[in-house]
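**Student:** See structure-v4.cif below, with mmCIF, N, CA, C and O atoms.
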```
data_query
loop_
_atom_site.group_PDB
_atom_site.id
_atom_site.type_symbol
_atom_site.label_atom_id
_atom_site.label_comp_id
_atom_site.auth_asym_id
_atom_site.auth_seq_id
_atom_site.Cartn_x
_atom_site.Cartn_y
_atom_site.Cartn_z
ATOM 1 N N MET A 1 158.454 -85.417 -131.129
ATOM 2 C CA MET A 1 159.427 -85.250 -130.083
ATOM 3 C C MET A 1 160.463 -84.215 -130.531
ATOM 4 O O MET A 1 160.998 -84.280 -131.634
ATOM 5 N N ALA A 2 160.743 -83.290 -129.676
ATOM 6 C CA ALA A 2 161.688 -82.213 -130.004
ATOM 7 C C ALA A 2 163.127 -82.722 -129.980
ATOM 8 O O ALA A 2 163.480 -83.583 -129.188
ATOM 9 N N ARG A 3 163.921 -82.167 -130.888
ATOM 10 C CA ARG A 3 165.338 -82.534 -130.931
ATOM 11 C C ARG A 3 166.130 -81.708 -129.939
ATOM 12 O O ARG A 3 165.781 -80.567 -129.650
ATOM 13 N N LYS A 4 167.214 -82.307 -129.463
ATOM 14 C CA LYS A 4 168.115 -81.580 -128.581
ATOM 15 C C LYS A 4 168.925 -80.596 -129.424
ATOM 16 O O LYS A 4 169.322 -80.923 -130.538
ATOM 17 N N PRO A 5 169.167 -79.426 -128.921
ATOM 18 C CA PRO A 5 169.995 -78.479 -129.686
ATOM 19 C C PRO A 5 171.431 -79.006 -129.781
ATOM 20 O O PRO A 5 171.969 -79.570 -128.828
ATOM 21 N N THR A 6 172.028 -78.842 -130.943
ATOM 22 C CA THR A 6 173.406 -79.281 -131.131
ATOM 23 C C THR A 6 174.361 -78.137 -130.841
ATOM 24 O O THR A 6 174.021 -76.968 -131.008
ATOM 25 N N ALA A 7 175.535 -78.505 -130.405
ATOM 26 C CA ALA A 7 176.557 -77.494 -130.135
ATOM 27 C C ALA A 7 177.052 -76.928 -131.463
ATOM 28 O O ALA A 7 177.298 -77.663 -132.409
ATOM 29 N N ARG A 8 177.161 -75.620 -131.524
ATOM 30 C CA ARG A 8 177.646 -74.977 -132.742
ATOM 31 C C ARG A 8 179.154 -74.824 -132.642
ATOM 32 O O ARG A 8 179.676 -74.342 -131.656
ATOM 33 N N THR A 9 179.831 -75.220 -133.681
ATOM 34 C CA THR A 9 181.275 -75.065 -133.744
ATOM 35 C C THR A 9 181.578 -73.790 -134.514
ATOM 36 O O THR A 9 181.122 -73.612 -135.631
ATOM 37 N N GLU A 10 182.335 -72.934 -133.898
ATOM 38 C CA GLU A 10 182.723 -71.678 -134.523
ATOM 39 C C GLU A 10 184.075 -71.865 -135.209
ATOM 40 O O GLU A 10 184.964 -72.532 -134.675
ATOM 41 N N PHE A 11 184.223 -71.270 -136.378
ATOM 42 C CA PHE A 11 185.465 -71.355 -137.130
ATOM 43 C C PHE A 11 186.011 -69.961 -137.389
ATOM 44 O O PHE A 11 185.265 -68.995 -137.475
ATOM 45 N N VAL A 12 187.324 -69.888 -137.526
ATOM 46 C CA VAL A 12 188.012 -68.664 -137.937
ATOM 47 C C VAL A 12 188.659 -68.984 -139.280
ATOM 48 O O VAL A 12 189.247 -70.054 -139.458
ATOM 49 N N MET A 13 188.533 -68.068 -140.216
ATOM 50 C CA MET A 13 189.066 -68.276 -141.554
ATOM 51 C C MET A 13 190.444 -67.622 -141.673
ATOM 52 O O MET A 13 190.657 -66.524 -141.163
ATOM 53 N N PHE A 14 191.354 -68.311 -142.370
ATOM 54 C CA PHE A 14 192.716 -67.825 -142.549
ATOM 55 C C PHE A 14 193.108 -67.842 -144.017
ATOM 56 O O PHE A 14 192.657 -68.696 -144.780
ATOM 57 N N ASP A 15 193.966 -66.889 -144.396
ATOM 58 C CA ASP A 15 194.599 -66.867 -145.717
ATOM 59 C C ASP A 15 196.022 -67.392 -145.520
ATOM 60 O O ASP A 15 196.729 -66.966 -144.610
ATOM 61 N N ILE A 16 196.424 -68.312 -146.394
ATOM 62 C CA ILE A 16 197.720 -68.962 -146.273
ATOM 63 C C ILE A 16 198.575 -68.624 -147.492
ATOM 64 O O ILE A 16 198.095 -68.687 -148.614
ATOM 65 N N VAL A 17 199.840 -68.280 -147.268
ATOM 66 C CA VAL A 17 200.807 -68.102 -148.348
ATOM 67 C C VAL A 17 201.869 -69.179 -148.141
ATOM 68 O O VAL A 17 202.420 -69.326 -147.054
ATOM 69 N N TYR A 18 202.129 -69.943 -149.210
ATOM 70 C CA TYR A 18 203.106 -71.024 -149.155
ATOM 71 C C TYR A 18 204.463 -70.548 -149.663
ATOM 72 O O TYR A 18 204.560 -69.523 -150.325
ATOM 73 N N GLU A 19 205.510 -71.313 -149.355
ATOM 74 C CA GLU A 19 206.880 -70.961 -149.745
ATOM 75 C C GLU A 19 207.046 -70.781 -151.255
ATOM 76 O O GLU A 19 207.869 -69.992 -151.700
ATOM 77 N N ASP A 20 206.263 -71.507 -152.064
ATOM 78 C CA ASP A 20 206.384 -71.388 -153.526
ATOM 79 C C ASP A 20 205.616 -70.188 -154.076
ATOM 80 O O ASP A 20 205.587 -69.970 -155.279
ATOM 81 N N GLY A 21 204.996 -69.389 -153.193
ATOM 82 C CA GLY A 21 204.277 -68.193 -153.614
ATOM 83 C C GLY A 21 202.794 -68.404 -153.842
ATOM 84 O O GLY A 21 202.060 -67.442 -154.051
ATOM 85 N N SER A 22 202.324 -69.645 -153.814
ATOM 86 C CA SER A 22 200.891 -69.894 -154.004
ATOM 87 C C SER A 22 200.130 -69.470 -152.753
ATOM 88 O O SER A 22 200.692 -69.355 -151.664
ATOM 89 N N GLN A 23 198.836 -69.225 -152.920
ATOM 90 C CA GLN A 23 198.016 -68.727 -151.826
ATOM 91 C C GLN A 23 196.707 -69.491 -151.769
ATOM 92 O O GLN A 23 196.129 -69.835 -152.805
ATOM 93 N N ARG A 24 196.225 -69.754 -150.577
ATOM 94 C CA ARG A 24 194.915 -70.356 -150.350
ATOM 95 C C ARG A 24 194.170 -69.445 -149.393
ATOM 96 O O ARG A 24 194.728 -68.977 -148.405
ATOM 97 N N SER A 25 192.904 -69.217 -149.677
ATOM 98 C CA SER A 25 192.098 -68.339 -148.837
ATOM 99 C C SER A 25 191.003 -69.116 -148.135
ATOM 100 O O SER A 25 190.568 -70.166 -148.609
ATOM 101 N N ASN A 26 190.564 -68.555 -147.017
ATOM 102 C CA ASN A 26 189.423 -69.062 -146.267
ATOM 103 C C ASN A 26 189.587 -70.499 -145.786
ATOM 104 O O ASN A 26 188.693 -71.318 -145.905
ATOM 105 N N ARG A 27 190.746 -70.798 -145.208
ATOM 106 C CA ARG A 27 190.961 -72.108 -144.592
ATOM 107 C C ARG A 27 190.374 -72.063 -143.187
ATOM 108 O O ARG A 27 190.629 -71.136 -142.420
ATOM 109 N N LYS A 28 189.551 -73.048 -142.838
ATOM 110 C CA LYS A 28 188.855 -73.071 -141.554
ATOM 111 C C LYS A 28 189.729 -73.650 -140.449
ATOM 112 O O LYS A 28 190.385 -74.659 -140.629
ATOM 113 N N VAL A 29 189.678 -72.981 -139.280
ATOM 114 C CA VAL A 29 190.333 -73.475 -138.076
ATOM 115 C C VAL A 29 189.337 -73.316 -136.939
ATOM 116 O O VAL A 29 188.685 -72.275 -136.805
ATOM 117 N N ASP A 30 189.205 -74.345 -136.117
ATOM 118 C CA ASP A 30 188.290 -74.320 -134.974
ATOM 119 C C ASP A 30 188.672 -73.174 -134.035
ATOM 120 O O ASP A 30 189.832 -73.069 -133.613
ATOM 121 N N ALA A 31 187.727 -72.325 -133.711
ATOM 122 C CA ALA A 31 187.991 -71.151 -132.879
ATOM 123 C C ALA A 31 188.435 -71.530 -131.469
ATOM 124 O O ALA A 31 189.120 -70.754 -130.804
ATOM 125 N N ASN A 32 188.086 -72.731 -131.013
ATOM 126 C CA ASN A 32 188.494 -73.161 -129.673
ATOM 127 C C ASN A 32 190.006 -73.349 -129.553
ATOM 128 O O ASN A 32 190.544 -73.336 -128.457
ATOM 129 N N LEU A 33 190.692 -73.530 -130.677
ATOM 130 C CA LEU A 33 192.147 -73.700 -130.657
ATOM 131 C C LEU A 33 192.885 -72.377 -130.501
ATOM 132 O O LEU A 33 194.057 -72.358 -130.142
ATOM 133 N N LEU A 34 192.202 -71.285 -130.787
ATOM 134 C CA LEU A 34 192.852 -69.971 -130.863
ATOM 135 C C LEU A 34 192.666 -69.174 -129.586
ATOM 136 O O LEU A 34 191.804 -69.472 -128.777
ATOM 137 N N GLY A 35 193.444 -68.129 -129.462
ATOM 138 C CA GLY A 35 193.333 -67.243 -128.316
ATOM 139 C C GLY A 35 194.358 -67.599 -127.258
ATOM 140 O O GLY A 35 195.290 -68.367 -127.486
ATOM 141 N N GLY A 36 194.201 -67.057 -126.105
ATOM 142 C CA GLY A 36 195.144 -67.325 -125.025
ATOM 143 C C GLY A 36 196.502 -66.707 -125.310
ATOM 144 O O GLY A 36 196.637 -65.774 -126.095
ATOM 145 N N LEU A 37 197.521 -67.254 -124.695
ATOM 146 C CA LEU A 37 198.868 -66.713 -124.835
ATOM 147 C C LEU A 37 199.471 -66.969 -126.209
ATOM 148 O O LEU A 37 200.325 -66.227 -126.672
ATOM 149 N N ASP A 38 199.038 -68.045 -126.869
ATOM 150 C CA ASP A 38 199.598 -68.400 -128.169
ATOM 151 C C ASP A 38 198.971 -67.632 -129.321
ATOM 152 O O ASP A 38 199.482 -67.675 -130.434
ATOM 153 N N GLY A 39 197.864 -66.963 -129.098
ATOM 154 C CA GLY A 39 197.204 -66.202 -130.162
ATOM 155 C C GLY A 39 196.786 -67.102 -131.312
ATOM 156 O O GLY A 39 196.101 -68.098 -131.115
ATOM 157 N N ASP A 40 197.219 -66.774 -132.530
ATOM 158 C CA ASP A 40 196.847 -67.542 -133.719
ATOM 159 C C ASP A 40 197.877 -68.615 -134.080
ATOM 160 O O ASP A 40 197.724 -69.303 -135.081
ATOM 161 N N GLU A 41 198.924 -68.776 -133.286
ATOM 162 C CA GLU A 41 199.974 -69.761 -133.592
ATOM 163 C C GLU A 41 199.429 -71.189 -133.727
ATOM 164 O O GLU A 41 199.866 -71.921 -134.611
ATOM 165 N N PRO A 42 198.473 -71.633 -132.906
ATOM 166 C CA PRO A 42 197.931 -72.987 -133.088
ATOM 167 C C PRO A 42 197.241 -73.194 -134.442
ATOM 168 O O PRO A 42 197.104 -74.324 -134.902
ATOM 169 N N ALA A 43 196.847 -72.111 -135.099
ATOM 170 C CA ALA A 43 196.209 -72.224 -136.419
ATOM 171 C C ALA A 43 197.175 -72.805 -137.431
ATOM 172 O O ALA A 43 196.782 -73.598 -138.283
ATOM 173 N N LYS A 44 198.446 -72.438 -137.337
ATOM 174 C CA LYS A 44 199.439 -72.949 -138.286
ATOM 175 C C LYS A 44 199.548 -74.471 -138.172
ATOM 176 O O LYS A 44 199.570 -75.177 -139.173
ATOM 177 N N ALA A 45 199.592 -74.977 -136.944
ATOM 178 C CA ALA A 45 199.677 -76.424 -136.735
ATOM 179 C C ALA A 45 198.425 -77.121 -137.257
ATOM 180 O O ALA A 45 198.517 -78.186 -137.873
ATOM 181 N N ALA A 46 197.261 -76.530 -137.034
ATOM 182 C CA ALA A 46 196.014 -77.126 -137.509
ATOM 183 C C ALA A 46 195.969 -77.156 -139.036
ATOM 184 O O ALA A 46 195.545 -78.152 -139.633
ATOM 185 N N ILE A 47 196.430 -76.094 -139.670
ATOM 186 C CA ILE A 47 196.417 -76.028 -141.131
ATOM 187 C C ILE A 47 197.454 -76.994 -141.708
ATOM 188 O O ILE A 47 197.200 -77.649 -142.720
ATOM 189 N N GLU A 48 198.607 -77.117 -141.055
ATOM 190 C CA GLU A 48 199.599 -78.087 -141.504
ATOM 191 C C GLU A 48 199.034 -79.502 -141.433
ATOM 192 O O GLU A 48 199.283 -80.323 -142.312
ATOM 193 N N GLU A 49 198.269 -79.799 -140.389
ATOM 194 C CA GLU A 49 197.632 -81.115 -140.263
ATOM 195 C C GLU A 49 196.613 -81.327 -141.385
ATOM 196 O O GLU A 49 196.531 -82.414 -141.966
ATOM 197 N N GLN A 50 195.832 -80.295 -141.694
ATOM 198 C CA GLN A 50 194.887 -80.383 -142.816
ATOM 199 C C GLN A 50 195.640 -80.651 -144.123
ATOM 200 O O GLN A 50 195.224 -81.490 -144.927
ATOM 201 N N ASP A 51 196.762 -79.955 -144.318
ATOM 202 C CA ASP A 51 197.560 -80.136 -145.533
ATOM 203 C C ASP A 51 198.123 -81.556 -145.627
ATOM 204 O O ASP A 51 198.165 -82.141 -146.711
ATOM 205 N N ARG A 52 198.555 -82.122 -144.486
ATOM 206 C CA ARG A 52 199.065 -83.500 -144.491
ATOM 207 C C ARG A 52 197.971 -84.482 -144.885
ATOM 208 O O ARG A 52 198.209 -85.411 -145.660
ATOM 209 N N ALA A 53 196.759 -84.286 -144.358
ATOM 210 C CA ALA A 53 195.647 -85.176 -144.697
ATOM 211 C C ALA A 53 195.306 -85.078 -146.187
ATOM 212 O O ALA A 53 195.082 -86.094 -146.849
ATOM 213 N N ILE A 54 195.290 -83.865 -146.719
ATOM 214 C CA ILE A 54 195.021 -83.664 -148.150
ATOM 215 C C ILE A 54 196.127 -84.304 -148.977
ATOM 216 O O ILE A 54 195.863 -84.949 -149.994
ATOM 217 N N SER A 55 197.365 -84.160 -148.519
ATOM 218 C CA SER A 55 198.512 -84.718 -149.226
ATOM 219 C C SER A 55 198.438 -86.240 -149.305
ATOM 220 O O SER A 55 198.739 -86.832 -150.338
ATOM 221 N N GLU A 56 198.055 -86.873 -148.208
ATOM 222 C CA GLU A 56 197.941 -88.334 -148.188
ATOM 223 C C GLU A 56 196.906 -88.819 -149.188
ATOM 224 O O GLU A 56 197.106 -89.824 -149.865
ATOM 225 N N LYS A 57 195.800 -88.102 -149.296
ATOM 226 C CA LYS A 57 194.730 -88.506 -150.207
ATOM 227 C C LYS A 57 195.080 -88.238 -151.671
ATOM 228 O O LYS A 57 194.702 -89.010 -152.545
ATOM 229 N N SER A 58 195.801 -87.146 -151.906
ATOM 230 C CA SER A 58 196.087 -86.765 -153.295
ATOM 231 C C SER A 58 197.409 -87.341 -153.818
ATOM 232 O O SER A 58 197.605 -87.408 -155.025
ATOM 233 N N GLY A 59 198.307 -87.696 -152.905
ATOM 234 C CA GLY A 59 199.603 -88.200 -153.330
ATOM 235 C C GLY A 59 200.592 -87.105 -153.681
ATOM 236 O O GLY A 59 201.696 -87.375 -154.135
ATOM 237 N N VAL A 60 200.220 -85.851 -153.485
ATOM 238 C CA VAL A 60 201.098 -84.709 -153.760
ATOM 239 C C VAL A 60 201.678 -84.242 -152.424
ATOM 240 O O VAL A 60 200.933 -84.056 -151.466
ATOM 241 N N PRO A 61 203.004 -84.057 -152.329
ATOM 242 C CA PRO A 61 203.589 -83.648 -151.047
ATOM 243 C C PRO A 61 203.070 -82.276 -150.605
ATOM 244 O O PRO A 61 202.823 -81.400 -151.433
ATOM 245 N N PRO A 62 202.912 -82.084 -149.280
ATOM 246 C CA PRO A 62 202.420 -80.791 -148.791
ATOM 247 C C PRO A 62 203.455 -79.688 -148.987
ATOM 248 O O PRO A 62 204.662 -79.946 -148.985
ATOM 249 N N LEU A 63 202.983 -78.475 -149.143
ATOM 250 C CA LEU A 63 203.853 -77.310 -149.297
ATOM 251 C C LEU A 63 204.167 -76.721 -147.928
ATOM 252 O O LEU A 63 203.356 -76.799 -147.003
ATOM 253 N N ALA A 64 205.323 -76.100 -147.800
ATOM 254 C CA ALA A 64 205.709 -75.418 -146.558
ATOM 255 C C ALA A 64 204.973 -74.080 -146.482
ATOM 256 O O ALA A 64 204.886 -73.352 -147.462
ATOM 257 N N ILE A 65 204.459 -73.770 -145.311
ATOM 258 C CA ILE A 65 203.720 -72.522 -145.106
ATOM 259 C C ILE A 65 204.701 -71.394 -144.824
ATOM 260 O O ILE A 65 205.578 -71.506 -143.959
ATOM 261 N N LYS A 66 204.548 -70.300 -145.564
ATOM 262 C CA LYS A 66 205.387 -69.113 -145.377
ATOM 263 C C LYS A 66 204.759 -68.186 -144.349
ATOM 264 O O LYS A 66 205.418 -67.699 -143.445
ATOM 265 N N SER A 67 203.440 -67.911 -144.514
ATOM 266 C CA SER A 67 202.761 -67.027 -143.567
ATOM 267 C C SER A 67 201.267 -67.331 -143.526
ATOM 268 O O SER A 67 200.718 -67.888 -144.475
ATOM 269 N N ILE A 68 200.670 -66.965 -142.397
ATOM 270 C CA ILE A 68 199.211 -67.075 -142.269
ATOM 271 C C ILE A 68 198.695 -65.766 -141.679
ATOM 272 O O ILE A 68 199.409 -65.081 -140.950
ATOM 273 N N LYS A 69 197.471 -65.413 -142.060
ATOM 274 C CA LYS A 69 196.804 -64.272 -141.439
ATOM 275 C C LYS A 69 195.298 -64.506 -141.527
ATOM 276 O O LYS A 69 194.819 -65.245 -142.380
ATOM 277 N N ARG A 70 194.587 -63.918 -140.612
ATOM 278 C CA ARG A 70 193.136 -64.062 -140.611
ATOM 279 C C ARG A 70 192.557 -63.433 -141.874
ATOM 280 O O ARG A 70 193.010 -62.385 -142.301
ATOM 281 N N SER A 71 191.579 -64.096 -142.455
ATOM 282 C CA SER A 71 190.917 -63.559 -143.646
ATOM 283 C C SER A 71 190.218 -62.270 -143.299
ATOM 284 O O SER A 71 189.656 -62.121 -142.204
ATOM 285 N N GLY A 72 190.260 -61.314 -144.219
ATOM 286 C CA GLY A 72 189.577 -60.043 -144.015
ATOM 287 C C GLY A 72 190.372 -59.022 -143.245
ATOM 288 O O GLY A 72 189.877 -57.945 -142.957
ATOM 289 N N LYS A 73 191.600 -59.326 -142.877
ATOM 290 C CA LYS A 73 192.419 -58.352 -142.139
ATOM 291 C C LYS A 73 193.464 -57.769 -143.041
ATOM 292 O O LYS A 73 193.958 -58.297 -143.943
#
```
Would you mind giving the structure from this file in structure tokens?
**Tutor:**
Amino acid sequence: MARKPTARTEFVMFDIVYEDGSQRSNRKVDANLLGGLDGDEPAKAAIEEQDRAISEKSGVPPLAIKSIKRSGK
């Protein structure tokens, strides 16, 4: 029996610079959140949410984001 095709989720990669000067590259954000009038602004909220989840698991407080830009630009 053939399988049903699954929906492919597209991601956009971002480079993040934090207030303490540290940098993280290639952070994934769902492409459906981006575009429209807000442009890449929703990516910051999505990455902050990812950072909060990581912080809860690791016990280390999340860092404040200084800037974000798409990877490869």
**Student:** Just list the residues in chain A DSSP gives alpha helix (DSSP H) on the backbone, as a list in words.
**Tutor:** Glu41, Pro42, Ala43, Lys44, Ala45, Ala46, Ile47, Glu48, Glu49, Gln50, Asp51, Arg52, Ala53, Ile54, Ser55, Glu56, Lys57 and Ser58 of chain A
**Student:** Mind dumping the selected residues with N, CA, C and O atoms as an mmCIF file, in the frame of the given file?
**Tutor:**
```
data_model
loop_
_atom_site.group_PDB
_atom_site.id
_atom_site.type_symbol
_atom_site.label_atom_id
_atom_site.label_comp_id
_atom_site.auth_asym_id
_atom_site.auth_seq_id
_atom_site.Cartn_x
_atom_site.Cartn_y
_atom_site.Cartn_z
ATOM 1 N N GLU A 41 198.924 -68.776 -133.286
ATOM 2 C CA GLU A 41 199.974 -69.761 -133.592
ATOM 3 C C GLU A 41 199.429 -71.189 -133.727
ATOM 4 O O GLU A 41 199.866 -71.921 -134.611
ATOM 5 N N PRO A 42 198.473 -71.633 -132.906
ATOM 6 C CA PRO A 42 197.931 -72.987 -133.088
ATOM 7 C C PRO A 42 197.241 -73.194 -134.442
ATOM 8 O O PRO A 42 197.104 -74.324 -134.902
ATOM 9 N N ALA A 43 196.847 -72.111 -135.099
ATOM 10 C CA ALA A 43 196.209 -72.224 -136.419
ATOM 11 C C ALA A 43 197.175 -72.805 -137.431
ATOM 12 O O ALA A 43 196.782 -73.598 -138.283
ATOM 13 N N LYS A 44 198.446 -72.438 -137.337
ATOM 14 C CA LYS A 44 199.439 -72.949 -138.286
ATOM 15 C C LYS A 44 199.548 -74.471 -138.172
ATOM 16 O O LYS A 44 199.570 -75.177 -139.173
ATOM 17 N N ALA A 45 199.592 -74.977 -136.944
ATOM 18 C CA ALA A 45 199.677 -76.424 -136.735
ATOM 19 C C ALA A 45 198.425 -77.121 -137.257
ATOM 20 O O ALA A 45 198.517 -78.186 -137.873
ATOM 21 N N ALA A 46 197.261 -76.530 -137.034
ATOM 22 C CA ALA A 46 196.014 -77.126 -137.509
ATOM 23 C C ALA A 46 195.969 -77.156 -139.036
ATOM 24 O O ALA A 46 195.545 -78.152 -139.633
ATOM 25 N N ILE A 47 196.430 -76.094 -139.670
ATOM 26 C CA ILE A 47 196.417 -76.028 -141.131
ATOM 27 C C ILE A 47 197.454 -76.994 -141.708
ATOM 28 O O ILE A 47 197.200 -77.649 -142.720
ATOM 29 N N GLU A 48 198.607 -77.117 -141.055
ATOM 30 C CA GLU A 48 199.599 -78.087 -141.504
ATOM 31 C C GLU A 48 199.034 -79.502 -141.433
ATOM 32 O O GLU A 48 199.283 -80.323 -142.312
ATOM 33 N N GLU A 49 198.269 -79.799 -140.389
ATOM 34 C CA GLU A 49 197.632 -81.115 -140.263
ATOM 35 C C GLU A 49 196.613 -81.327 -141.385
ATOM 36 O O GLU A 49 196.531 -82.414 -141.966
ATOM 37 N N GLN A 50 195.832 -80.295 -141.694
ATOM 38 C CA GLN A 50 194.887 -80.383 -142.816
ATOM 39 C C GLN A 50 195.640 -80.651 -144.123
ATOM 40 O O GLN A 50 195.224 -81.490 -144.927
ATOM 41 N N ASP A 51 196.762 -79.955 -144.318
ATOM 42 C CA ASP A 51 197.560 -80.136 -145.533
ATOM 43 C C ASP A 51 198.123 -81.556 -145.627
ATOM 44 O O ASP A 51 198.165 -82.141 -146.711
ATOM 45 N N ARG A 52 198.555 -82.122 -144.486
ATOM 46 C CA ARG A 52 199.065 -83.500 -144.491
ATOM 47 C C ARG A 52 197.971 -84.482 -144.885
ATOM 48 O O ARG A 52 198.209 -85.411 -145.660
ATOM 49 N N ALA A 53 196.759 -84.286 -144.358
ATOM 50 C CA ALA A 53 195.647 -85.176 -144.697
ATOM 51 C C ALA A 53 195.306 -85.078 -146.187
ATOM 52 O O ALA A 53 195.082 -86.094 -146.849
ATOM 53 N N ILE A 54 195.290 -83.865 -146.719
ATOM 54 C CA ILE A 54 195.021 -83.664 -148.150
ATOM 55 C C ILE A 54 196.127 -84.304 -148.977
ATOM 56 O O ILE A 54 195.863 -84.949 -149.994
ATOM 57 N N SER A 55 197.365 -84.160 -148.519
ATOM 58 C CA SER A 55 198.512 -84.718 -149.226
ATOM 59 C C SER A 55 198.438 -86.240 -149.305
ATOM 60 O O SER A 55 198.739 -86.832 -150.338
ATOM 61 N N GLU A 56 198.055 -86.873 -148.208
ATOM 62 C CA GLU A 56 197.941 -88.334 -148.188
ATOM 63 C C GLU A 56 196.906 -88.819 -149.188
ATOM 64 O O GLU A 56 197.106 -89.824 -149.865
ATOM 65 N N LYS A 57 195.800 -88.102 -149.296
ATOM 66 C CA LYS A 57 194.730 -88.506 -150.207
ATOM 67 C C LYS A 57 195.080 -88.238 -151.671
ATOM 68 O O LYS A 57 194.702 -89.010 -152.545
ATOM 69 N N SER A 58 195.801 -87.146 -151.906
ATOM 70 C CA SER A 58 196.087 -86.765 -153.295
ATOM 71 C C SER A 58 197.409 -87.341 -153.818
ATOM 72 O O SER A 58 197.605 -87.408 -155.025
#
```
**Student:** Extract, using only N, CA, C and O atoms, all DNA, RNA and protein residues at most 7 Å from segment 22-27 of chain A, discarding same-chain residues fewer than 4 positions from it, and format them as a PDB file with N, CA, C and O atoms, keeping the file's coordinate frame.
**Tutor:**
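Contents of result_11.pdb, freshly written:
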```
ATOM      1  N   PHE A  11     184.223 -71.270-136.378  1.00  0.00           N
ATOM      2  CA  PHE A  11     185.465 -71.355-137.130  1.00  0.00           C
ATOM      3  C   PHE A  11     186.011 -69.961-137.389  1.00  0.00           C
ATOM      4  O   PHE A  11     185.265 -68.995-137.475  1.00  0.00           O
ATOM      5  N   VAL A  12     187.324 -69.888-137.526  1.00  0.00           N
ATOM      6  CA  VAL A  12     188.012 -68.664-137.937  1.00  0.00           C
ATOM      7  C   VAL A  12     188.659 -68.984-139.280  1.00  0.00           C
ATOM      8  O   VAL A  12     189.247 -70.054-139.458  1.00  0.00           O
ATOM      9  N   MET A  13     188.533 -68.068-140.216  1.00  0.00           N
ATOM     10  CA  MET A  13     189.066 -68.276-141.554  1.00  0.00           C
ATOM     11  C   MET A  13     190.444 -67.622-141.673  1.00  0.00           C
ATOM     12  O   MET A  13     190.657 -66.524-141.163  1.00  0.00           O
ATOM     13  N   PHE A  14     191.354 -68.311-142.370  1.00  0.00           N
ATOM     14  CA  PHE A  14     192.716 -67.825-142.549  1.00  0.00           C
ATOM     15  C   PHE A  14     193.108 -67.842-144.017  1.00  0.00           C
ATOM     16  O   PHE A  14     192.657 -68.696-144.780  1.00  0.00           O
ATOM     17  N   ASP A  15     193.966 -66.889-144.396  1.00  0.00           N
ATOM     18  CA  ASP A  15     194.599 -66.867-145.717  1.00  0.00           C
ATOM     19  C   ASP A  15     196.022 -67.392-145.520  1.00  0.00           C
ATOM     20  O   ASP A  15     196.729 -66.966-144.610  1.00  0.00           O
ATOM     21  N   ILE A  16     196.424 -68.312-146.394  1.00  0.00           N
ATOM     22  CA  ILE A  16     197.720 -68.962-146.273  1.00  0.00           C
ATOM     23  C   ILE A  16     198.575 -68.624-147.492  1.00  0.00           C
ATOM     24  O   ILE A  16     198.095 -68.687-148.614  1.00  0.00           O
ATOM     25  N   VAL A  17     199.840 -68.280-147.268  1.00  0.00           N
ATOM     26  CA  VAL A  17     200.807 -68.102-148.348  1.00  0.00           C
ATOM     27  C   VAL A  17     201.869 -69.179-148.141  1.00  0.00           C
ATOM     28  O   VAL A  17     202.420 -69.326-147.054  1.00  0.00           O
ATOM     29  N   TYR A  18     202.129 -69.943-149.210  1.00  0.00           N
ATOM     30  CA  TYR A  18     203.106 -71.024-149.155  1.00  0.00           C
ATOM     31  C   TYR A  18     204.463 -70.548-149.663  1.00  0.00           C
ATOM     32  O   TYR A  18     204.560 -69.523-150.325  1.00  0.00           O
ATOM     33  N   SER A  71     191.579 -64.096-142.455  1.00  0.00           N
ATOM     34  CA  SER A  71     190.917 -63.559-143.646  1.00  0.00           C
ATOM     35  C   SER A  71     190.218 -62.270-143.299  1.00  0.00           C
ATOM     36  O   SER A  71     189.656 -62.121-142.204  1.00  0.00           O
TER      37      SER A  71
END
```
**Student:** Could you pull out the residues in chain A that DSSP calls strand (DSSP E) from the backbone, as number ranges by chain?
**Tutor:** A: 11-18, 23-30, 65-70
**Student:** Run the PyMOL selection byres (((chain A and resi 61-65 and name CA) around 9) and name CA) against the file shown and list the residues it catches, as a list in words.
**Tutor:** Ile16, Val17, Tyr18, Glu19, Asp20, Lys44, Glu48, Asp51, Arg52, Ile54, Ser55, Glu56, Ser58, Gly59, Val60, Lys66, Ser67 and Ile68 of chain A
**Student:** Provide the atom N of Asp40 of chain A to atom O of Glu10 of chain A distance in Å, to one decimal place.
**Tutor:**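 Value for the atom N of Asp40 of chain A-atom O of Glu10 of chain A distance: 13.7 Å.
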**Student:** What does the distance from atom CA of Glu49 of chain A to atom CA of Lys69 of chain A come to in Å, to one decimal?
**Tutor:** 16.9 Å
**Student:** At what distance in Å, to one decimal, does atom C of Asp30 of chain A lie from atom CA of Arg8 of chain A?
**Tutor:**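 Computing it gives 11.2 Å between the two atoms.
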**Student:** Identify the residues within 7 Å of coordinate (194.7, -72.3, -133.8) (same frame as the file), considering all atoms listed in the file, and give the answer as number ranges by chain.
**Tutor:** A: 29-35, 39-46
**Student:** Around all listed atoms of segment 27-39 of chain A, padded 8 Å per side, what centre and edge lengths does the axis-aligned box have in Å to one decimal, as JSON?
**Tutor:**
```
{"center_x": 194.0, "center_y": -70.2, "center_z": -135.0, "size_x": 28.6, "size_y": 24.9, "size_z": 36.5}
```
